[in-house]
Amino acid sequence: MDKFYITTPIYYVNDKPHIGSAYPTIAADVLARFYRSAGAAVHFLTGTDEHGSKIERAAAAAGKTPREFADEIAAKFASAWKILEISNDDFIRTTESRHEEAVAEWLGVLKGSGKVYEGEYQGLYCVGHEEFIKESDLNEKGLCPEHLTKPELLKEKNWFFKLSDYGQILTEKIEGGDFQIEPQSRENEVLSFINQGLEDIAISRPNVKWGIPLPWDKDQTVYVWVEALFNYISALGYPDGEDYKKYWPADLHVVGKNIIKFHCIIWPALLLASKLPLPKKVFAHGFINVDKQKISKSLGNAVDPLELAEKYGTDTVRYFLLREIPFGQDGDFSVKKLAARYEGDLANGLGNLFSRLATLIAQNLDGDAPEVVASPKDLSDVNTLIQELKFHETLARIWEEIAWANKYIDETKPWELAKKDPKLFGEVIASLVALLSEIALKLAPFMPETAEKIRSALSAEKITKPEPLFPRLNAQAN
Ligand code: MSP
């Protein structure tokens with residue numbers, strides 16, 4: 001693979017980052033780092049979704065203008081991603097002129113397709129979703145079951161996109177593999193939704209001021225989802241930027257399972273109408289609950305990934321989220337589970353292996369690195385697992401080797417060998433160093449800081465007794 005363009009969804013700026021937004025960003029980061037180290041030209045995009053009623057109202061509630069409000073929260077996302085070691089190449093904000101101009105240009109193309117028409121729509125709009133919702137989707141109290149708010153009855157003049165024309169061609173593209181949706185269960189869900197018949201969608205809103213004006217009807221703004229999807233292309237410098245020519249189509253959009261209709265139906269249909277190539281793949285991950293409950297504003301149970309990173313370290317947060325939850329399935333976060341993995345997998349597993357080995361070298365070889373030998377274990381299967389986005393399996397596989405190495409130390413008792421059989425001691429240590437170096441290499445996309453600590457310690461002129469990689473929690477200041 002010579003180029004790899006990967007994206008995360010762009011996050012609404014109605015709220016600061018939480019573990020639910022950190023999760024896809026970390027997952028995408030692992031892939032970006034992996035492909036970069038494999039030599040591909042990687043472009044990794046993330047950003048913020050800043051227009052629409054939802055943001056307009058959140059800003060008003062905070063007593064700010066939408067612009068001030070969006071600036072503040074967008075900065076929080078950018079700084080959170082730095083702390084979490086996210087290696088994005090670009091960060092797009094939908095209020096940037098580069099986005100607004102590219103969207104206006106593209107809408108002209110879309111309008112020219114003949115698939116855009118003027119009409120009137122009456123329906124229930126959920127601002128939390130930024131989407132019209134069906135009466136049958138409401139709960140028994142007539143509320144949106146997710147946001148627990150009453151949807152608004154709107155009767156509006158809108159511009160529409162003829163989504164209904166695209167069912168068959170989308171089915172063909174999906175079934176033929178030109179447009180891949182993973183996991184399979186999500187592909188099935190999309191296909192069955194298409195099969196029920198697609199309805200046209202409104203692509204403009206007459207009463208939303210905080211948005212991009214429609215080029216041909218300035219009384220309306222573009223429907224926020226339509227312009228948000230286009231971020232994946234506007235950020236590359238559509239229509240004639242170098243990055244656009246080099247990187248589009250995207251190799252992978254990482255999205256949550258709740259937004260697959262937008263990414264797997266509306267987005268490719270808009271692209272087909274505009275005669276633009278389709279992304280190669282959409283992968284939909286599951287949801288993270290907290291202590292078995294859905295993360296919600298009303299419960300106030302959102303977990304701040306930065307607080308976790310401060311206490312346990314960024315790499316621990318990255319490791320936990322991808323190790324604990326099979327990518328594609330729902331999973332549960334709890335501090336107890338995180339602390340257990342910290343103590344078990346990290347401090348007692350990897351941390352212990354590293355400090356035992358470095359200490360043995362410091363104390364018995366005068367800190368001199370042993371001669372370089374081949375790793376006793378082959379970890380090349382890990383590359384395939386990462387490419388298949390099986391992050392939890394990748395980490396489990398790496399930890400098998402960590403467990404093996406710790407056991408090998410227990411059994412060979414190198415501290416005794418050092419006196420009894422220095423030659424054999426040298427061989428045991430050399431092979432453990434080779435294995436740990438291999439482990440660090442495979443771990444680098446997931447835990448960049450830890451991998452670098454291991455690499456630099458093992459390649460030092462003089463290897464010394466190291467600081468613990470994962471200090472005991474009770475020894476840490478809270
Ligand atoms: N702005 C839209 C996306 C536009 S992309 C062109 C949006 N924003 S969001 O901030 O609400 O959600 C962004 C992503 O975070 C979604 O993919 C969503 O699935 C994900 N998550 C938000 N909460 C989550 C969990 N609790 N667990 C896992 N992912 C979740 O939708």
# chains A, B, ... in the order shown; residues from 1 in each chain; ligands from 1
call {"tool": "residues_near_ligand", "arguments": {"ligand": "ligand 1", "cutoff": "7 Å", "atoms": "only C-alpha atoms and all ligand atoms", "output": "list of chain:residue names"}}
result
A:Pro9, A:Ile10, A:Tyr11, A:Tyr12, A:Ile19, A:Gly20, A:Ser21, A:Tyr23, A:Pro24, A:Asp49, A:Trp225, A:Ala228, A:Leu229, A:Asn231, A:Val255, A:Gly256, A:Lys257, A:Asn258, A:Ile259, A:Gly286, A:Phe287, A:Ile288, A:Asn289, A:Lys294, A:Ile295
call {"tool": "write_last_selection", "arguments": {"atoms": "C-alpha atoms", "output": "mmCIF file, in the first residue's frame"}}
result
data_model
loop_
_atom_site.group_PDB
_atom_site.id
_atom_site.type_symbol
_atom_site.label_atom_id
_atom_site.label_comp_id
_atom_site.auth_asym_id
_atom_site.auth_seq_id
_atom_site.Cartn_x
_atom_site.Cartn_y
_atom_site.Cartn_z
ATOM 1 C CA PRO A 9 -15.795 11.355 12.351
ATOM 2 C CA ILE A 10 -15.631 15.063 13.085
ATOM 3 C CA TYR A 11 -16.835 15.685 16.612
ATOM 4 C CA TYR A 12 -19.661 18.006 17.553
ATOM 5 C CA ILE A 19 -13.799 8.488 26.115
ATOM 6 C CA GLY A 20 -16.417 7.894 23.416
ATOM 7 C CA SER A 21 -14.694 10.414 21.152
ATOM 8 C CA TYR A 23 -11.924 5.787 21.253
ATOM 9 C CA PRO A 24 -12.267 6.097 17.447
ATOM 10 C CA ASP A 49 -18.320 19.570 13.301
ATOM 11 C CA TRP A 225 -24.706 16.444 8.009
ATOM 12 C CA ALA A 228 -19.966 17.598 7.661
ATOM 13 C CA LEU A 229 -19.507 14.546 5.448
ATOM 14 C CA ASN A 231 -15.018 17.511 5.440
ATOM 15 C CA VAL A 255 -17.159 5.688 12.386
ATOM 16 C CA GLY A 256 -19.440 4.714 15.244
ATOM 17 C CA LYS A 257 -22.259 2.261 14.590
ATOM 18 C CA ASN A 258 -24.830 5.026 15.158
ATOM 19 C CA ILE A 259 -23.778 6.986 12.077
ATOM 20 C CA GLY A 286 -19.379 -0.257 18.818
ATOM 21 C CA PHE A 287 -20.297 1.898 21.763
ATOM 22 C CA ILE A 288 -18.517 2.272 25.054
ATOM 23 C CA ASN A 289 -20.752 2.297 28.073
ATOM 24 C CA LYS A 294 -24.907 4.559 28.210
ATOM 25 C CA ILE A 295 -22.834 7.725 28.371
#
call {"tool": "residues_around", "arguments": {"residues": "region 122-125 of chain A", "least_positions_apart": "4", "cutoff": "7 Å", "atoms": "only C-alpha atoms", "output": "PDB file with N, CA and C atoms, in the first residue's frame"}}
result
ATOM      1  N   GLU A 131     -31.262  15.399  12.806  1.00  0.00           N
ATOM      2  CA  GLU A 131     -31.847  14.488  11.820  1.00  0.00           C
ATOM      3  C   GLU A 131     -33.368  14.444  11.999  1.00  0.00           C
ATOM      4  N   PHE A 132     -34.082  14.305  10.890  1.00  0.00           N
ATOM      5  CA  PHE A 132     -35.523  14.034  10.997  1.00  0.00           C
ATOM      6  C   PHE A 132     -35.694  12.620  11.524  1.00  0.00           C
ATOM      7  N   ILE A 133     -36.601  12.460  12.467  1.00  0.00           N
ATOM      8  CA  ILE A 133     -36.813  11.093  12.935  1.00  0.00           C
ATOM      9  C   ILE A 133     -38.276  10.686  12.756  1.00  0.00           C
ATOM     10  N   LYS A 134     -38.478   9.380  12.717  1.00  0.00           N
ATOM     11  CA  LYS A 134     -39.823   8.868  12.459  1.00  0.00           C
ATOM     12  C   LYS A 134     -40.610   8.783  13.759  1.00  0.00           C
ATOM     13  N   PRO A 151     -39.025  15.889  19.834  1.00  0.00           N
ATOM     14  CA  PRO A 151     -38.615  16.386  18.524  1.00  0.00           C
ATOM     15  C   PRO A 151     -39.517  17.541  18.083  1.00  0.00           C
ATOM     16  N   GLU A 152     -38.992  18.373  17.217  1.00  0.00           N
ATOM     17  CA  GLU A 152     -39.761  19.548  16.791  1.00  0.00           C
ATOM     18  C   GLU A 152     -40.465  19.265  15.471  1.00  0.00           C
ATOM     19  N   LEU A 153     -41.730  19.650  15.426  1.00  0.00           N
ATOM     20  CA  LEU A 153     -42.474  19.452  14.184  1.00  0.00           C
ATOM     21  C   LEU A 153     -42.123  20.593  13.227  1.00  0.00           C
ATOM     22  N   LEU A 154     -41.525  20.244  12.102  1.00  0.00           N
ATOM     23  CA  LEU A 154     -41.117  21.272  11.158  1.00  0.00           C
ATOM     24  C   LEU A 154     -41.879  21.121   9.865  1.00  0.00           C
ATOM     25  N   LYS A 155     -42.291  22.255   9.341  1.00  0.00           N
ATOM     26  CA  LYS A 155     -42.870  22.252   8.003  1.00  0.00           C
ATOM     27  C   LYS A 155     -42.087  23.302   7.245  1.00  0.00           C
ATOM     28  N   GLU A 156     -41.253  22.835   6.331  1.00  0.00           N
ATOM     29  CA  GLU A 156     -40.296  23.760   5.737  1.00  0.00           C
ATOM     30  C   GLU A 156     -40.203  23.579   4.239  1.00  0.00           C
TER      31      GLU A 156
END
call {"tool": "residues_around", "arguments": {"residues": "region 368-378 of chain A", "least_positions_apart": "5", "cutoff": "8 Å", "atoms": "only C-alpha atoms", "output": "ChimeraX atom specification"}}
result
/A:361-362,401,426,429-435,438,458-463
call {"tool": "write_last_selection", "arguments": {"atoms": "C-alpha atoms", "output": "mmCIF file, in the first residue's frame"}}
result
data_model
loop_
_atom_site.group_PDB
_atom_site.id
_atom_site.type_symbol
_atom_site.label_atom_id
_atom_site.label_comp_id
_atom_site.auth_asym_id
_atom_site.auth_seq_id
_atom_site.Cartn_x
_atom_site.Cartn_y
_atom_site.Cartn_z
ATOM 1 C CA ILE A 361 21.941 -6.546 32.198
ATOM 2 C CA ALA A 362 22.881 -3.665 34.481
ATOM 3 C CA GLU A 401 4.755 -13.343 24.279
ATOM 4 C CA GLY A 426 24.518 -14.248 27.700
ATOM 5 C CA ILE A 429 19.594 -12.431 27.817
ATOM 6 C CA ALA A 430 20.341 -11.822 24.135
ATOM 7 C CA SER A 431 17.286 -13.725 23.065
ATOM 8 C CA LEU A 432 15.065 -11.947 25.599
ATOM 9 C CA VAL A 433 16.353 -8.568 24.440
ATOM 10 C CA ALA A 434 15.594 -9.548 20.849
ATOM 11 C CA LEU A 435 12.066 -10.585 21.813
ATOM 12 C CA GLU A 438 10.273 -7.033 18.719
ATOM 13 C CA LEU A 458 17.721 -1.309 25.310
ATOM 14 C CA SER A 459 19.839 0.554 22.792
ATOM 15 C CA ALA A 460 21.658 2.725 25.338
ATOM 16 C CA GLU A 461 25.468 2.699 25.604
ATOM 17 C CA LYS A 462 25.095 1.500 29.157
ATOM 18 C CA ILE A 463 21.884 -0.201 30.173
#
call {"tool": "atom_distance", "arguments": {"atom1": "CA of Gly351 (chain A)", "atom2": "CA of Leu385 (chain A)"}}
result
23.6 Å
call {"tool": "residues_around", "arguments": {"residues": "region 185-193 of chain A", "least_positions_apart": "6", "cutoff": "10 Å", "atoms": "only C-alpha atoms", "output": "number ranges by chain"}}
result
A: 167, 170-172, 174-175, 257, 260-261, 264-265, 282-285, 328
call {"tool": "write_last_selection", "arguments": {"atoms": "all heavy atoms", "output": "short mmCIF file (atom, residue, chain, number, x, y, z; two decimals), in the first residue's frame"}}
result
data_model
loop_
_atom_site.label_atom_id
_atom_site.label_comp_id
_atom_site.auth_asym_id
_atom_site.auth_seq_id
_atom_site.Cartn_x
_atom_site.Cartn_y
_atom_site.Cartn_z
N GLY A 167 -30.59 3.34 -4.45
CA GLY A 167 -30.64 2.04 -3.75
C GLY A 167 -29.93 0.93 -4.50
O GLY A 167 -29.07 0.24 -3.96
N LEU A 170 -26.09 1.44 -5.01
CA LEU A 170 -25.35 1.27 -3.74
C LEU A 170 -25.25 -0.20 -3.38
O LEU A 170 -24.20 -0.68 -2.96
CB LEU A 170 -26.05 2.04 -2.62
CG LEU A 170 -25.80 3.54 -2.59
CD1 LEU A 170 -26.62 4.19 -1.47
CD2 LEU A 170 -24.31 3.84 -2.37
N THR A 171 -26.35 -0.90 -3.55
CA THR A 171 -26.34 -2.34 -3.25
C THR A 171 -25.28 -3.04 -4.09
O THR A 171 -24.51 -3.86 -3.58
CB THR A 171 -27.73 -2.95 -3.54
OG1 THR A 171 -28.68 -2.24 -2.75
CG2 THR A 171 -27.79 -4.42 -3.20
N GLU A 172 -25.21 -2.68 -5.37
CA GLU A 172 -24.21 -3.31 -6.24
C GLU A 172 -22.79 -2.99 -5.78
O GLU A 172 -21.93 -3.86 -5.74
CB GLU A 172 -24.38 -2.81 -7.69
CG GLU A 172 -25.55 -3.47 -8.39
CD GLU A 172 -25.94 -2.72 -9.69
OE1 GLU A 172 -25.12 -1.91 -10.20
OE2 GLU A 172 -27.06 -2.94 -10.14
N ILE A 174 -21.80 -2.20 -2.83
CA ILE A 174 -21.49 -2.84 -1.55
C ILE A 174 -21.29 -4.34 -1.76
O ILE A 174 -20.28 -4.91 -1.33
CB ILE A 174 -22.63 -2.58 -0.52
CG1 ILE A 174 -22.70 -1.08 -0.18
CG2 ILE A 174 -22.42 -3.41 0.74
CD1 ILE A 174 -23.95 -0.64 0.56
N GLU A 175 -22.22 -4.96 -2.46
CA GLU A 175 -22.10 -6.41 -2.66
C GLU A 175 -20.90 -6.77 -3.51
O GLU A 175 -20.27 -7.81 -3.32
CB GLU A 175 -23.40 -6.98 -3.24
CG GLU A 175 -24.49 -7.01 -2.19
CD GLU A 175 -25.81 -7.55 -2.69
OE1 GLU A 175 -26.03 -7.55 -3.93
OE2 GLU A 175 -26.64 -7.95 -1.84
N LYS A 257 -21.14 3.01 15.19
CA LYS A 257 -22.26 2.26 14.59
C LYS A 257 -23.51 3.11 14.44
O LYS A 257 -24.39 2.80 13.63
CB LYS A 257 -22.56 1.02 15.43
CG LYS A 257 -23.07 1.36 16.82
CD LYS A 257 -23.51 0.12 17.60
CE LYS A 257 -24.15 0.54 18.91
NZ LYS A 257 -24.59 -0.57 19.73
N ILE A 260 -23.85 5.00 10.68
CA ILE A 260 -23.57 4.29 9.43
C ILE A 260 -24.49 4.68 8.28
O ILE A 260 -24.08 4.65 7.14
CB ILE A 260 -23.52 2.75 9.58
CG1 ILE A 260 -24.78 2.22 10.21
CG2 ILE A 260 -22.28 2.29 10.29
CD1 ILE A 260 -24.81 0.68 10.22
N LYS A 261 -25.71 5.07 8.57
CA LYS A 261 -26.58 5.46 7.44
C LYS A 261 -26.00 6.67 6.72
O LYS A 261 -26.04 6.77 5.50
CB LYS A 261 -27.99 5.80 7.93
CG LYS A 261 -28.85 4.57 8.07
CD LYS A 261 -30.27 4.95 8.42
CE LYS A 261 -30.88 3.89 9.31
NZ LYS A 261 -32.05 4.38 10.04
N CYS A 264 -22.66 5.26 5.01
CA CYS A 264 -22.73 4.12 4.08
C CYS A 264 -23.86 4.25 3.07
O CYS A 264 -23.98 3.43 2.16
CB CYS A 264 -22.87 2.81 4.86
SG CYS A 264 -21.51 2.56 6.01
N ILE A 265 -24.72 5.25 3.24
CA ILE A 265 -25.80 5.44 2.28
C ILE A 265 -25.76 6.87 1.72
O ILE A 265 -25.54 7.08 0.52
CB ILE A 265 -27.17 5.12 2.91
CG1 ILE A 265 -27.22 3.63 3.30
CG2 ILE A 265 -28.30 5.46 1.93
CD1 ILE A 265 -28.45 3.20 4.04
N VAL A 282 -15.64 1.62 5.04
CA VAL A 282 -16.13 2.23 6.28
C VAL A 282 -16.10 1.14 7.33
O VAL A 282 -16.62 0.04 7.09
CB VAL A 282 -17.58 2.75 6.12
CG1 VAL A 282 -18.12 3.24 7.46
CG2 VAL A 282 -17.66 3.87 5.08
N PHE A 283 -15.48 1.41 8.46
CA PHE A 283 -15.53 0.44 9.56
C PHE A 283 -16.32 1.06 10.69
O PHE A 283 -16.02 2.17 11.14
CB PHE A 283 -14.12 0.07 10.06
CG PHE A 283 -14.16 -1.06 11.06
CD1 PHE A 283 -13.89 -2.36 10.66
CD2 PHE A 283 -14.52 -0.83 12.39
CE1 PHE A 283 -13.97 -3.41 11.59
CE2 PHE A 283 -14.60 -1.87 13.31
CZ PHE A 283 -14.31 -3.17 12.90
N ALA A 284 -17.34 0.35 11.16
CA ALA A 284 -18.18 0.87 12.25
C ALA A 284 -17.86 0.15 13.55
O ALA A 284 -17.98 -1.08 13.64
CB ALA A 284 -19.65 0.70 11.90
N HIS A 285 -17.42 0.92 14.53
CA HIS A 285 -17.12 0.32 15.84
C HIS A 285 -18.34 0.41 16.74
O HIS A 285 -19.34 1.07 16.41
CB HIS A 285 -15.92 1.02 16.48
CG HIS A 285 -16.15 2.48 16.73
ND1 HIS A 285 -16.89 2.94 17.78
CD2 HIS A 285 -15.76 3.57 16.03
CE1 HIS A 285 -16.95 4.27 17.72
NE2 HIS A 285 -16.27 4.67 16.66
N GLY A 328 -15.52 -3.09 16.99
CA GLY A 328 -16.72 -3.51 16.25
C GLY A 328 -17.84 -3.87 17.20
O GLY A 328 -19.01 -3.82 16.84
#
call {"tool": "atom_distance", "arguments": {"atom1": "CA of Asn207 (chain A)", "atom2": "CA of Thr221 (chain A)"}}
result
8.0 Å
call {"tool": "closest_residue", "arguments": {"among": "A:Leu360, A:Tyr319, A:Tyr408, A:Cys126", "to": "Gly142 (chain A)", "atoms": "only C-alpha atoms"}}
result
A:Cys126
call {"tool": "select_by_dssp", "arguments": {"residues": "region 167-296 of chain A", "states": "helix (DSSP H, G or I)", "output": "PyMOL selection string"}}
result
chain A and resi 167-175+184-195+224-229+231-234+242-247+257-273
call {"tool": "closest_residue", "arguments": {"among": "A:Ala62, A:Val224, A:Leu163, A:Val254", "to": "Lys115 (chain A)", "atoms": "only C-alpha atoms"}}
result
A:Leu163
call {"tool": "atom_distance", "arguments": {"atom1": "CA of Phe91 (chain A)", "atom2": "CA of Gly47 (chain A)"}}
result
4.6 Å
call {"tool": "residues_around", "arguments": {"residues": "Arg341 (chain A)", "least_positions_apart": "5", "cutoff": "10 Å", "atoms": "only C-alpha atoms", "output": "PDB file with all heavy atoms, in the first residue's frame"}}
result
ATOM      1  N   THR A 316      -1.675   3.954  28.831  1.00  0.00           N
ATOM      2  CA  THR A 316      -2.603   3.052  29.519  1.00  0.00           C
ATOM      3  C   THR A 316      -4.012   3.236  28.969  1.00  0.00           C
ATOM      4  O   THR A 316      -4.735   2.262  28.741  1.00  0.00           O
ATOM      5  CB  THR A 316      -2.584   3.329  31.036  1.00  0.00           C
ATOM      6  OG1 THR A 316      -1.252   3.171  31.498  1.00  0.00           O
ATOM      7  CG2 THR A 316      -3.515   2.393  31.790  1.00  0.00           C
ATOM      8  N   TYR A 319      -4.088   1.727  25.531  1.00  0.00           N
ATOM      9  CA  TYR A 319      -4.064   0.272  25.633  1.00  0.00           C
ATOM     10  C   TYR A 319      -5.418  -0.251  26.100  1.00  0.00           C
ATOM     11  O   TYR A 319      -5.987  -1.158  25.492  1.00  0.00           O
ATOM     12  CB  TYR A 319      -2.967  -0.166  26.626  1.00  0.00           C
ATOM     13  CG  TYR A 319      -3.003  -1.641  26.939  1.00  0.00           C
ATOM     14  CD1 TYR A 319      -2.549  -2.570  26.006  1.00  0.00           C
ATOM     15  CD2 TYR A 319      -3.539  -2.108  28.142  1.00  0.00           C
ATOM     16  CE1 TYR A 319      -2.612  -3.938  26.280  1.00  0.00           C
ATOM     17  CE2 TYR A 319      -3.611  -3.472  28.412  1.00  0.00           C
ATOM     18  CZ  TYR A 319      -3.144  -4.378  27.480  1.00  0.00           C
ATOM     19  OH  TYR A 319      -3.214  -5.725  27.735  1.00  0.00           O
ATOM     20  N   PHE A 320      -5.918   0.323  27.161  1.00  0.00           N
ATOM     21  CA  PHE A 320      -7.147  -0.211  27.746  1.00  0.00           C
ATOM     22  C   PHE A 320      -8.287  -0.230  26.734  1.00  0.00           C
ATOM     23  O   PHE A 320      -8.966  -1.247  26.563  1.00  0.00           O
ATOM     24  CB  PHE A 320      -7.563   0.607  28.975  1.00  0.00           C
ATOM     25  CG  PHE A 320      -8.856   0.106  29.553  1.00  0.00           C
ATOM     26  CD1 PHE A 320      -8.884  -1.018  30.366  1.00  0.00           C
ATOM     27  CD2 PHE A 320     -10.064   0.712  29.226  1.00  0.00           C
ATOM     28  CE1 PHE A 320     -10.081  -1.522  30.849  1.00  0.00           C
ATOM     29  CE2 PHE A 320     -11.268   0.217  29.709  1.00  0.00           C
ATOM     30  CZ  PHE A 320     -11.276  -0.904  30.526  1.00  0.00           C
ATOM     31  N   ARG A 323      -7.683  -2.846  24.086  1.00  0.00           N
ATOM     32  CA  ARG A 323      -7.523  -4.227  24.560  1.00  0.00           C
ATOM     33  C   ARG A 323      -8.825  -4.774  25.127  1.00  0.00           C
ATOM     34  O   ARG A 323      -9.145  -5.938  24.981  1.00  0.00           O
ATOM     35  CB  ARG A 323      -6.433  -4.274  25.650  1.00  0.00           C
ATOM     36  CG  ARG A 323      -6.267  -5.634  26.331  1.00  0.00           C
ATOM     37  CD  ARG A 323      -5.800  -6.679  25.343  1.00  0.00           C
ATOM     38  NE  ARG A 323      -5.752  -8.016  25.918  1.00  0.00           N
ATOM     39  CZ  ARG A 323      -6.768  -8.861  25.961  1.00  0.00           C
ATOM     40  NH1 ARG A 323      -7.946  -8.509  25.480  1.00  0.00           N
ATOM     41  NH2 ARG A 323      -6.626 -10.058  26.494  1.00  0.00           N
ATOM     42  N   GLU A 324      -9.576  -3.911  25.765  1.00  0.00           N
ATOM     43  CA  GLU A 324     -10.746  -4.362  26.519  1.00  0.00           C
ATOM     44  C   GLU A 324     -11.942  -4.668  25.617  1.00  0.00           C
ATOM     45  O   GLU A 324     -12.709  -5.573  25.869  1.00  0.00           O
ATOM     46  CB  GLU A 324     -11.123  -3.249  27.521  1.00  0.00           C
ATOM     47  CG  GLU A 324     -12.264  -3.578  28.457  1.00  0.00           C
ATOM     48  CD  GLU A 324     -11.892  -4.598  29.530  1.00  0.00           C
ATOM     49  OE1 GLU A 324     -10.692  -4.748  29.831  1.00  0.00           O
ATOM     50  OE2 GLU A 324     -12.819  -5.241  30.044  1.00  0.00           O
ATOM     51  N   VAL A 335     -13.477   2.184  35.939  1.00  0.00           N
ATOM     52  CA  VAL A 335     -12.158   2.482  36.501  1.00  0.00           C
ATOM     53  C   VAL A 335     -11.564   1.202  37.076  1.00  0.00           C
ATOM     54  O   VAL A 335     -10.361   0.958  36.983  1.00  0.00           O
ATOM     55  CB  VAL A 335     -12.277   3.586  37.578  1.00  0.00           C
ATOM     56  CG1 VAL A 335     -10.978   3.742  38.350  1.00  0.00           C
ATOM     57  CG2 VAL A 335     -12.667   4.899  36.918  1.00  0.00           C
ATOM     58  N   LYS A 336     -12.429   0.363  37.623  1.00  0.00           N
ATOM     59  CA  LYS A 336     -11.949  -0.892  38.204  1.00  0.00           C
ATOM     60  C   LYS A 336     -11.272  -1.769  37.140  1.00  0.00           C
ATOM     61  O   LYS A 336     -10.200  -2.330  37.361  1.00  0.00           O
ATOM     62  CB  LYS A 336     -13.164  -1.628  38.780  1.00  0.00           C
ATOM     63  CG  LYS A 336     -12.810  -2.535  39.903  1.00  0.00           C
ATOM     64  CD  LYS A 336     -14.048  -2.948  40.655  1.00  0.00           C
ATOM     65  CE  LYS A 336     -13.795  -4.337  41.230  1.00  0.00           C
ATOM     66  NZ  LYS A 336     -14.994  -5.081  41.459  1.00  0.00           N
ATOM     67  N   LEU A 346      -0.053  -4.402  32.489  1.00  0.00           N
ATOM     68  CA  LEU A 346       0.992  -3.396  32.271  1.00  0.00           C
ATOM     69  C   LEU A 346       2.093  -3.474  33.333  1.00  0.00           C
ATOM     70  O   LEU A 346       3.248  -3.752  33.007  1.00  0.00           O
ATOM     71  CB  LEU A 346       0.375  -2.001  32.165  1.00  0.00           C
ATOM     72  CG  LEU A 346      -0.621  -1.858  30.986  1.00  0.00           C
ATOM     73  CD1 LEU A 346      -1.227  -0.477  30.926  1.00  0.00           C
ATOM     74  CD2 LEU A 346       0.056  -2.185  29.645  1.00  0.00           C
ATOM     75  N   ALA A 347       1.745  -3.232  34.602  1.00  0.00           N
ATOM     76  CA  ALA A 347       2.812  -3.222  35.621  1.00  0.00           C
ATOM     77  C   ALA A 347       3.429  -4.615  35.787  1.00  0.00           C
ATOM     78  O   ALA A 347       4.645  -4.789  35.660  1.00  0.00           O
ATOM     79  CB  ALA A 347       2.253  -2.697  36.936  1.00  0.00           C
ATOM     80  N   ASN A 348       2.592  -5.617  36.038  1.00  0.00           N
ATOM     81  CA  ASN A 348       3.138  -6.968  36.282  1.00  0.00           C
ATOM     82  C   ASN A 348       3.573  -7.675  35.013  1.00  0.00           C
ATOM     83  O   ASN A 348       4.427  -8.554  35.057  1.00  0.00           O
ATOM     84  CB  ASN A 348       2.107  -7.857  36.985  1.00  0.00           C
ATOM     85  CG  ASN A 348       1.831  -7.367  38.389  1.00  0.00           C
ATOM     86  OD1 ASN A 348       2.675  -6.693  38.982  1.00  0.00           O
ATOM     87  ND2 ASN A 348       0.654  -7.667  38.895  1.00  0.00           N
ATOM     88  N   GLY A 349       2.984  -7.345  33.905  1.00  0.00           N
ATOM     89  CA  GLY A 349       3.331  -8.021  32.652  1.00  0.00           C
ATOM     90  C   GLY A 349       4.491  -7.347  31.944  1.00  0.00           C
ATOM     91  O   GLY A 349       5.660  -7.683  32.148  1.00  0.00           O
TER      92      GLY A 349
END
call {"tool": "select_by_dssp", "arguments": {"residues": "region 208-267 of chain A", "states": "strand (DSSP E or B)", "output": "list in words"}}
result
Pro213, Leu214, Asp217, Lys218, Asp219, Gln220, Thr221, Val222, Leu252, His253, Val254, Val255 and Gly256 of chain A
call {"tool": "residues_around", "arguments": {"residues": "Phe446 (chain A)", "least_positions_apart": "4", "cutoff": "8 Å", "atoms": "only C-alpha atoms", "output": "list in words"}}
result
Val30, Asp315, Arg318 and Tyr319 of chain A
call {"tool": "residues_around", "arguments": {"residues": "Ser79 (chain A)", "least_positions_apart": "6", "cutoff": "10 Å", "atoms": "only C-alpha atoms", "output": "MDAnalysis selection string"}}
result
chainID A and resid 17 73 85:86 306
call {"tool": "closest_residue", "arguments": {"among": "A:Ala396, A:Ala102, A:Val127, A:Ile194", "to": "Ser53 (chain A)", "atoms": "only C-alpha atoms"}}
result
A:Val127
